[in-house]
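This is upload-v2.txt (compact mmCIF, C-alpha atoms and all ligand atoms).
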```txt
# COMPACT_ATOMS: atom_id res chain seq x y z
CA MET A 1 30.75 -3.65 -8.43
CA LEU A 2 30.53 -0.51 -6.24
CA LYS A 3 33.75 0.86 -4.84
CA ILE A 4 33.71 3.84 -2.50
CA ARG A 5 37.01 5.35 -1.42
CA ASP A 6 37.66 8.08 1.16
CA LEU A 7 34.26 9.63 0.59
CA VAL A 8 33.69 12.96 2.34
CA VAL A 9 30.25 14.60 2.50
CA ARG A 10 29.69 17.96 4.15
CA TYR A 11 26.61 20.07 4.73
CA GLY A 12 27.96 23.55 5.41
CA GLY A 13 30.16 23.12 8.47
CA ILE A 14 28.86 19.62 9.32
CA THR A 15 30.94 16.64 8.19
CA ALA A 16 28.43 13.84 7.61
CA LEU A 17 30.95 11.37 6.12
CA ASP A 18 34.61 11.50 7.03
CA ARG A 19 36.71 9.52 4.51
CA VAL A 20 34.44 6.49 4.33
CA SER A 21 35.46 3.51 2.19
CA ALA A 22 33.14 0.62 1.35
CA ASP A 23 32.68 -2.06 -1.29
CA VAL A 24 29.66 -3.86 -2.63
CA ARG A 25 30.49 -6.90 -4.72
CA GLN A 26 28.33 -8.39 -7.44
CA GLY A 27 25.37 -10.30 -5.96
CA GLU A 28 25.87 -9.18 -2.36
CA THR A 29 23.28 -7.65 -0.06
CA VAL A 30 25.29 -5.16 1.99
CA ILE A 31 23.79 -3.42 5.00
CA LEU A 32 24.85 -0.06 6.45
CA LEU A 33 23.82 -0.02 10.08
CA GLY A 34 24.00 2.78 12.62
CA ALA A 35 21.95 5.12 14.75
CA ASN A 36 20.29 8.33 13.61
CA GLY A 37 22.79 10.72 12.08
CA ALA A 38 25.53 8.11 11.58
CA GLY A 39 25.84 9.07 7.90
CA LYS A 40 24.01 6.15 6.25
CA SER A 41 21.67 8.26 4.10
CA SER A 42 24.53 10.56 3.09
CA LEU A 43 26.41 7.57 1.71
CA ILE A 44 23.43 6.19 -0.26
CA ASN A 45 22.52 9.68 -1.49
CA SER A 46 26.00 10.32 -2.78
CA VAL A 47 25.94 7.01 -4.68
CA ILE A 48 22.69 8.05 -6.38
CA GLY A 49 24.12 11.53 -6.89
CA ILE A 50 21.71 13.76 -4.97
CA VAL A 51 24.36 14.69 -2.42
CA PRO A 52 27.72 15.89 -3.78
CA ALA A 53 31.00 14.36 -2.64
CA ALA A 54 33.42 16.93 -1.18
CA ALA A 55 36.26 14.43 -1.66
CA GLY A 56 36.82 10.79 -2.50
CA THR A 57 35.60 8.58 -5.34
CA ILE A 58 32.67 6.36 -6.19
CA GLN A 59 33.23 3.74 -8.87
CA LEU A 60 30.64 1.49 -10.46
CA ASP A 61 32.08 -1.40 -12.47
CA GLY A 62 35.40 0.44 -12.67
CA GLN A 63 33.90 3.69 -13.96
CA THR A 64 34.08 6.75 -11.75
CA ILE A 65 30.54 8.07 -11.36
CA SER A 66 31.18 10.72 -8.69
CA ALA A 67 31.02 13.46 -11.34
CA VAL A 68 28.00 12.07 -13.25
CA PRO A 69 24.82 14.04 -12.38
CA ALA A 70 22.00 12.19 -10.60
CA SER A 71 19.85 12.31 -13.74
CA GLY A 72 22.49 10.30 -15.61
CA ARG A 73 22.98 7.61 -12.98
CA ALA A 74 19.76 5.67 -13.66
CA ALA A 75 21.35 4.77 -16.99
CA TYR A 76 23.90 2.75 -15.00
CA GLY A 77 21.06 0.52 -13.79
CA ILE A 78 20.75 1.95 -10.28
CA GLY A 79 17.36 1.72 -8.54
CA TYR A 80 16.75 3.88 -5.47
CA SER A 81 14.14 3.95 -2.72
CA PRO A 82 14.57 7.02 -0.49
CA GLU A 83 13.97 7.19 3.24
CA GLY A 84 10.43 8.12 4.26
CA ARG A 85 7.75 6.72 1.95
CA ARG A 86 7.93 9.07 -0.97
CA VAL A 87 4.92 8.42 -3.19
CA PHE A 88 3.03 10.57 -5.66
CA ALA A 89 -0.12 10.96 -3.56
CA SER A 90 -2.50 11.81 -6.41
CA MET A 91 -1.34 9.00 -8.70
CA SER A 92 -2.59 5.42 -8.58
CA VAL A 93 -0.55 2.70 -6.94
CA ARG A 94 0.15 1.11 -10.35
CA ASP A 95 1.31 4.42 -11.89
CA ASN A 96 3.54 5.10 -8.87
CA VAL A 97 5.27 1.75 -9.25
CA LEU A 98 5.59 1.97 -13.03
CA ALA A 99 7.07 5.48 -12.78
CA GLY A 100 10.28 3.58 -12.06
CA ALA A 101 9.93 1.52 -15.22
CA ALA A 102 9.19 4.24 -17.76
CA ARG A 103 11.98 3.03 -20.04
CA LEU A 104 10.43 -0.43 -20.40
CA SER A 105 7.97 -1.45 -23.13
CA ARG A 106 4.28 -1.79 -22.20
CA ALA A 107 4.59 -5.58 -22.18
CA ALA A 108 7.71 -5.48 -19.99
CA GLN A 109 5.94 -3.08 -17.60
CA ARG A 110 2.99 -5.49 -17.30
CA GLN A 111 5.39 -8.32 -16.58
CA ALA A 112 7.30 -6.26 -14.01
CA TYR A 113 4.09 -5.28 -12.23
CA ALA A 114 2.85 -8.88 -12.12
CA LYS A 115 6.13 -10.01 -10.59
CA LEU A 116 6.03 -7.28 -7.94
CA ALA A 117 2.37 -8.03 -7.16
CA SER A 118 3.32 -11.65 -6.50
CA LEU A 119 5.81 -10.38 -3.89
CA PHE A 120 3.54 -7.65 -2.50
CA PRO A 121 -0.14 -8.73 -2.82
CA MET A 122 -1.44 -5.23 -1.96
CA LEU A 123 -0.13 -4.03 -5.33
CA GLU A 124 -2.81 -6.24 -6.91
CA SER A 125 -5.68 -5.41 -4.57
CA ARG A 126 -4.97 -1.64 -4.43
CA ALA A 127 -3.58 -1.15 -7.95
CA ASN A 128 -6.10 1.53 -8.96
CA ASP A 129 -6.32 3.35 -5.62
CA LEU A 130 -4.59 6.69 -5.11
CA ALA A 131 -1.29 6.20 -3.28
CA GLY A 132 -2.10 9.09 -0.93
CA TYR A 133 -4.86 7.01 0.68
CA LEU A 134 -2.59 4.11 1.63
CA SER A 135 -1.24 3.40 5.12
CA GLY A 136 2.39 4.29 5.85
CA GLY A 137 3.46 0.66 5.46
CA GLN A 138 1.67 0.33 2.12
CA GLN A 139 3.27 3.56 0.87
CA GLN A 140 6.67 2.19 1.79
CA ILE A 141 5.92 -0.95 -0.25
CA VAL A 142 4.99 1.25 -3.23
CA ALA A 143 8.26 3.23 -2.97
CA ILE A 144 10.31 0.03 -2.74
CA ALA A 145 8.41 -1.62 -5.61
CA ARG A 146 9.09 1.48 -7.74
CA ALA A 147 12.83 1.10 -7.10
CA MET A 148 12.61 -2.59 -8.06
CA SER A 149 10.36 -2.13 -11.09
CA ALA A 150 13.07 -1.68 -13.72
CA SER A 151 15.04 -4.70 -12.38
CA PRO A 152 18.09 -2.58 -11.51
CA ARG A 153 21.56 -4.12 -11.37
CA LEU A 154 22.23 -2.15 -8.18
CA LEU A 155 19.34 -1.55 -5.79
CA LEU A 156 19.73 1.12 -3.09
CA LEU A 157 17.22 1.00 -0.23
CA ASP A 158 17.33 3.71 2.45
CA GLU A 159 15.76 2.47 5.71
CA PRO A 160 13.21 0.16 4.08
CA PHE A 161 11.92 -1.15 7.44
CA LEU A 162 11.62 2.17 9.27
CA GLY A 163 8.48 2.26 11.40
CA LEU A 164 6.89 -0.75 9.70
CA ALA A 165 4.82 -3.57 11.21
CA PRO A 166 6.39 -7.07 11.07
CA VAL A 167 4.09 -8.17 8.24
CA TRP A 168 5.56 -5.52 5.91
CA ILE A 169 9.13 -6.18 7.08
CA GLN A 170 8.64 -9.85 6.19
CA GLN A 171 7.32 -9.05 2.71
CA ILE A 172 10.15 -6.63 1.98
CA SER A 173 12.72 -9.12 3.29
CA ALA A 174 11.30 -11.86 1.05
CA ALA A 175 11.43 -9.51 -1.95
CA ILE A 176 15.06 -8.59 -1.18
CA ARG A 177 15.98 -12.30 -1.06
CA GLN A 178 14.15 -12.94 -4.33
CA PHE A 179 15.98 -10.10 -6.12
CA ARG A 180 19.30 -11.28 -4.71
CA ALA A 181 18.56 -14.82 -5.94
CA GLU A 182 18.07 -13.34 -9.41
CA GLY A 183 21.45 -11.60 -9.27
CA THR A 184 20.55 -8.06 -8.15
CA THR A 185 23.24 -6.39 -6.04
CA ILE A 186 21.77 -4.54 -3.06
CA LEU A 187 23.02 -1.81 -0.74
CA MET A 188 20.64 -0.89 2.06
CA THR A 189 20.69 1.21 5.21
CA GLU A 190 18.81 0.41 8.37
CA GLN A 191 18.58 1.45 11.99
CA MET A 192 16.76 -1.75 12.92
CA ALA A 193 19.65 -4.17 13.14
CA ILE A 194 17.73 -7.36 13.93
CA PRO A 195 15.62 -7.69 10.76
CA ALA A 196 18.38 -6.14 8.64
CA LEU A 197 20.98 -8.71 9.71
CA LYS A 198 18.58 -11.47 8.61
CA VAL A 199 18.60 -10.37 4.97
CA ALA A 200 22.16 -9.06 4.56
CA THR A 201 25.22 -11.02 3.51
CA ARG A 202 27.78 -8.48 4.77
CA GLY A 203 27.75 -5.09 6.39
CA TYR A 204 29.21 -1.94 7.84
CA VAL A 205 28.42 -0.33 11.18
CA MET A 206 28.64 3.45 11.14
CA ARG A 207 28.81 6.09 13.83
CA GLY A 208 29.44 9.83 13.56
CA GLY A 209 30.35 9.72 9.86
CA LEU A 210 32.86 6.87 10.26
CA VAL A 211 32.79 3.12 9.64
CA ILE A 212 33.46 1.57 13.06
CA ARG A 213 33.09 -2.10 12.07
CA GLU A 214 32.79 -4.10 8.87
CA GLY A 215 32.56 -7.73 7.92
CA SER A 216 30.23 -10.69 7.61
CA VAL A 217 26.87 -10.57 9.33
CA GLU A 218 28.38 -12.65 12.16
CA ASP A 219 31.37 -10.28 12.48
CA ILE A 220 29.24 -7.17 12.85
CA ARG A 221 26.27 -8.56 14.79
CA GLU A 222 27.42 -7.56 18.27
CA SER A 223 28.57 -4.11 17.30
CA ALA A 224 25.36 -3.53 15.30
CA LEU A 225 23.12 -4.58 18.17
CA THR A 226 25.03 -2.28 20.55
CA GLU A 227 24.49 0.66 18.16
CA ASP A 228 20.81 -0.26 18.10
CA TYR A 229 20.54 0.57 21.79
CA LEU A 230 22.60 3.77 21.74
P1 LIG B 301 19.06 9.11 9.59
O1 LIG B 301 18.60 7.77 9.93
O2 LIG B 301 18.61 10.14 10.55
O3 LIG B 301 18.84 9.50 8.16
P2 LIG B 301 21.78 8.70 8.83
O4 LIG B 301 22.69 7.72 9.45
O5 LIG B 301 21.20 8.35 7.53
O6 LIG B 301 20.64 9.06 9.83
P3 LIG B 301 22.58 11.18 7.64
O7 LIG B 301 21.17 11.53 7.31
O8 LIG B 301 23.48 10.80 6.56
O9 LIG B 301 22.61 10.04 8.75
O10 LIG B 301 23.18 12.39 8.47
C1 LIG B 301 24.55 12.49 8.86
C2 LIG B 301 24.80 13.84 9.50
O11 LIG B 301 24.60 14.88 8.57
C3 LIG B 301 23.88 14.15 10.67
O12 LIG B 301 24.63 14.86 11.63
C4 LIG B 301 22.82 15.03 10.06
O13 LIG B 301 22.27 15.89 11.01
C5 LIG B 301 23.60 15.78 9.02
N1 LIG B 301 22.76 16.14 7.84
C6 LIG B 301 22.13 15.29 7.02
N2 LIG B 301 21.50 15.94 6.03
C7 LIG B 301 21.73 17.26 6.23
C8 LIG B 301 21.36 18.47 5.56
N3 LIG B 301 20.61 18.45 4.45
N4 LIG B 301 21.81 19.64 6.07
C9 LIG B 301 22.58 19.67 7.18
N5 LIG B 301 22.97 18.59 7.86
C10 LIG B 301 22.57 17.40 7.41
```
When written as structure tokens, how does the structure in this file appear?
Ligand code: ATP
Amino acid sequence: MLKIRDLVVRYGGITALDRVSADVRQGETVILLGANGAGKSSLINSVIGIVPAAAGTIQLDGQTISAVPASGRAAYGIGYSPEGRRVFASMSVRDNVLAGAARLSRAAQRQAYAKLASLFPMLESRANDLAGYLSGGQQQIVAIARAMSASPRLLLLDEPFLGLAPVWIQQISAAIRQFRAEGTTILMTEQMAIPALKVATRGYVMRGGLVIREGSVEDIRESALTEDYL
């Protein structure tokens, strides 16, 4: 579904990705693991289009999207949750989540919200509260639910577990499994290898802008856990 070939990303003189190739097939949950600065966010951000590719190609279902501006990529059915709990602080929890589903009809939005509230109960109990008053973990749930709200074909999650208590990690993991069961293809990054390896089907371990290991969860487990301690 997603085919990345020889992708290069540079920030000024810094090479963040050095000819990285990766694939995400229909229905997979693929994890990009690696320590801080490995290049995980750069890869996700170039798929969504907010970081330009200096070289290489990104194809979605055989169409090259590297040159399509970020604003046009949602039309391809890509949902994106950025690193670091980005919520609209002065908007309600419900409006934050439904900001990701603006293209849906009112009835479809209600349905989408009910489904997400069954996965994340705080979306029901805090629906009318301002997102700015939520805890960090709750804000992360809101950002992830927003990315899921339009039922994207390809869901990109950048460090969904970062800094979260186990209760939130479990809820997010259950939601990821549910979306995968319904056919959503998922690409996620994570520094925390242990919970990430539990939800992924396949993965890549990155270091210094390169892929150093790839394969099934079993194939990459040891290398991923080593990176975890670096
Ligand atoms: P993190 O978990 O810290 O986000 P990461 O694996 O996602 O790590 P990237 O954020 O992709 O890594 O960063 C890869 C490299 O690019 C790092 O050396 C980082 O310092 C550098 N970098 C990232 N964003 C920028 C930027 N906007 N300007 C300059 N350098 C950047």
Exercise for the section: Write as an NGL selection string the residues around ligand LIG 301 (chain B), taking 10 Å as the cut-off and counting only C-alpha atoms and all ligand atoms. Expected result: :A and (9-17 or 32-46 or 51 or 82-84 or 158-159 or 162 or 189-191 or 206-209)
Preceding selection exported with C-alpha atoms as a PDB file, in the frame of the given file:
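Full text of result-v7.pdb as output:
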```
ATOM      1  CA  VAL A   9      30.250  14.600   2.500  1.00  0.00           C
ATOM      2  CA  ARG A  10      29.690  17.960   4.150  1.00  0.00           C
ATOM      3  CA  TYR A  11      26.610  20.070   4.730  1.00  0.00           C
ATOM      4  CA  GLY A  12      27.960  23.550   5.410  1.00  0.00           C
ATOM      5  CA  GLY A  13      30.160  23.120   8.470  1.00  0.00           C
ATOM      6  CA  ILE A  14      28.860  19.620   9.320  1.00  0.00           C
ATOM      7  CA  THR A  15      30.940  16.640   8.190  1.00  0.00           C
ATOM      8  CA  ALA A  16      28.430  13.840   7.610  1.00  0.00           C
ATOM      9  CA  LEU A  17      30.950  11.370   6.120  1.00  0.00           C
ATOM     10  CA  LEU A  32      24.850  -0.060   6.450  1.00  0.00           C
ATOM     11  CA  LEU A  33      23.820  -0.020  10.080  1.00  0.00           C
ATOM     12  CA  GLY A  34      24.000   2.780  12.620  1.00  0.00           C
ATOM     13  CA  ALA A  35      21.950   5.120  14.750  1.00  0.00           C
ATOM     14  CA  ASN A  36      20.290   8.330  13.610  1.00  0.00           C
ATOM     15  CA  GLY A  37      22.790  10.720  12.080  1.00  0.00           C
ATOM     16  CA  ALA A  38      25.530   8.110  11.580  1.00  0.00           C
ATOM     17  CA  GLY A  39      25.840   9.070   7.900  1.00  0.00           C
ATOM     18  CA  LYS A  40      24.010   6.150   6.250  1.00  0.00           C
ATOM     19  CA  SER A  41      21.670   8.260   4.100  1.00  0.00           C
ATOM     20  CA  SER A  42      24.530  10.560   3.090  1.00  0.00           C
ATOM     21  CA  LEU A  43      26.410   7.570   1.710  1.00  0.00           C
ATOM     22  CA  ILE A  44      23.430   6.190  -0.260  1.00  0.00           C
ATOM     23  CA  ASN A  45      22.520   9.680  -1.490  1.00  0.00           C
ATOM     24  CA  SER A  46      26.000  10.320  -2.780  1.00  0.00           C
ATOM     25  CA  VAL A  51      24.360  14.690  -2.420  1.00  0.00           C
ATOM     26  CA  PRO A  82      14.570   7.020  -0.490  1.00  0.00           C
ATOM     27  CA  GLU A  83      13.970   7.190   3.240  1.00  0.00           C
ATOM     28  CA  GLY A  84      10.430   8.120   4.260  1.00  0.00           C
ATOM     29  CA  ASP A 158      17.330   3.710   2.450  1.00  0.00           C
ATOM     30  CA  GLU A 159      15.760   2.470   5.710  1.00  0.00           C
ATOM     31  CA  LEU A 162      11.620   2.170   9.270  1.00  0.00           C
ATOM     32  CA  THR A 189      20.690   1.210   5.210  1.00  0.00           C
ATOM     33  CA  GLU A 190      18.810   0.410   8.370  1.00  0.00           C
ATOM     34  CA  GLN A 191      18.580   1.450  11.990  1.00  0.00           C
ATOM     35  CA  MET A 206      28.640   3.450  11.140  1.00  0.00           C
ATOM     36  CA  ARG A 207      28.810   6.090  13.830  1.00  0.00           C
ATOM     37  CA  GLY A 208      29.440   9.830  13.560  1.00  0.00           C
ATOM     38  CA  GLY A 209      30.350   9.720   9.860  1.00  0.00           C
TER      39      GLY A 209
END
```
Exercise for the section: For CA of Ile31 in chain A and CA of Met188 in chain A, quote the distance in Å rounded to one decimal. Expected result: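 CA of Ile31 in chain A sits 5.0 Å away from CA of Met188 in chain A.
The smallest atom-to-atom distance between Ser216 in chain A and any of A:Ile4, A:Val30, A:Ala114, A:Ala75, using only C-alpha atoms, is found for A:Val30.
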Handout entry: Nearest residue to Ala147 in chain A from the set A:Arg202, A:Ala53, A:Ala102, A:Val24 (distances using all atoms listed in the file)
Key = A:Ala102
Exercise for the section: May I ask which of the residues A:Val20, A:Ile50, A:Met148, A:Leu130 is the closest one to Arg213 in chain A, counting all atoms listed in the file? Expected result: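 Under the stated criterion, the closest residue is A:Val20.
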Residues of range 16-124 of chain A at most 10 Å from range 135-143 of chain A: nearest atom pair and distance in Å, all atoms listed in the file, as CSV:
```
residue,atom,partner,partner_atom,distance
A:Tyr80,CA,A:Ala143,CA,8.9
A:Ser81,CA,A:Ala143,CA,5.9
A:Pro82,CA,A:Ala143,CA,7.8
A:Glu83,CA,A:Gln140,CA,9.0
A:Gly84,CA,A:Gln140,CA,7.4
A:Arg85,CA,A:Gln140,CA,4.7
A:Arg86,CA,A:Ala143,CA,6.2
A:Val87,CA,A:Ala143,CA,6.2
A:Phe88,CA,A:Ala143,CA,9.4
A:Ala89,CA,A:Gln139,CA,9.3
A:Val93,CA,A:Val142,CA,6.8
A:Arg94,CA,A:Val142,CA,8.6
A:Asp95,CA,A:Val142,CA,9.9
A:Asn96,CA,A:Val142,CA,7.0
A:Val97,CA,A:Val142,CA,6.0
A:Leu98,CA,A:Val142,CA,9.8
A:Gly100,CA,A:Ala143,CA,9.3
A:Leu116,CA,A:Val142,CA,9.8
A:Phe120,CA,A:Ile141,CA,7.5
A:Met122,CA,A:Gln138,CA,7.6
A:Leu123,CA,A:Val142,CA,7.6
```
Box dimensions and centre (Å, one decimal) enclosing range 189-204 of chain A, axis-aligned, 4 Å extra per side, as AutoDock Vina command-line options:
```
--center_x 22.4 --center_y -5.0 --center_z 8.7 --size_x 21.6 --size_y 20.9 --size_z 18.4
```
Exercise for the section: Pick out the residues sitting within 10 Å of Ile172 in chain A, and hand them over as a PyMOL selection string; count all atoms listed in the file, and ignore anything fewer than 6 positions along from it in its own chain. Expected result: chain A and resi 119-120+140-141+144-145+160-161+166+178+199
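Interatomic distance, CA of Thr64 in chain A to CA of Asp23 in chain A: 13.7 Å.
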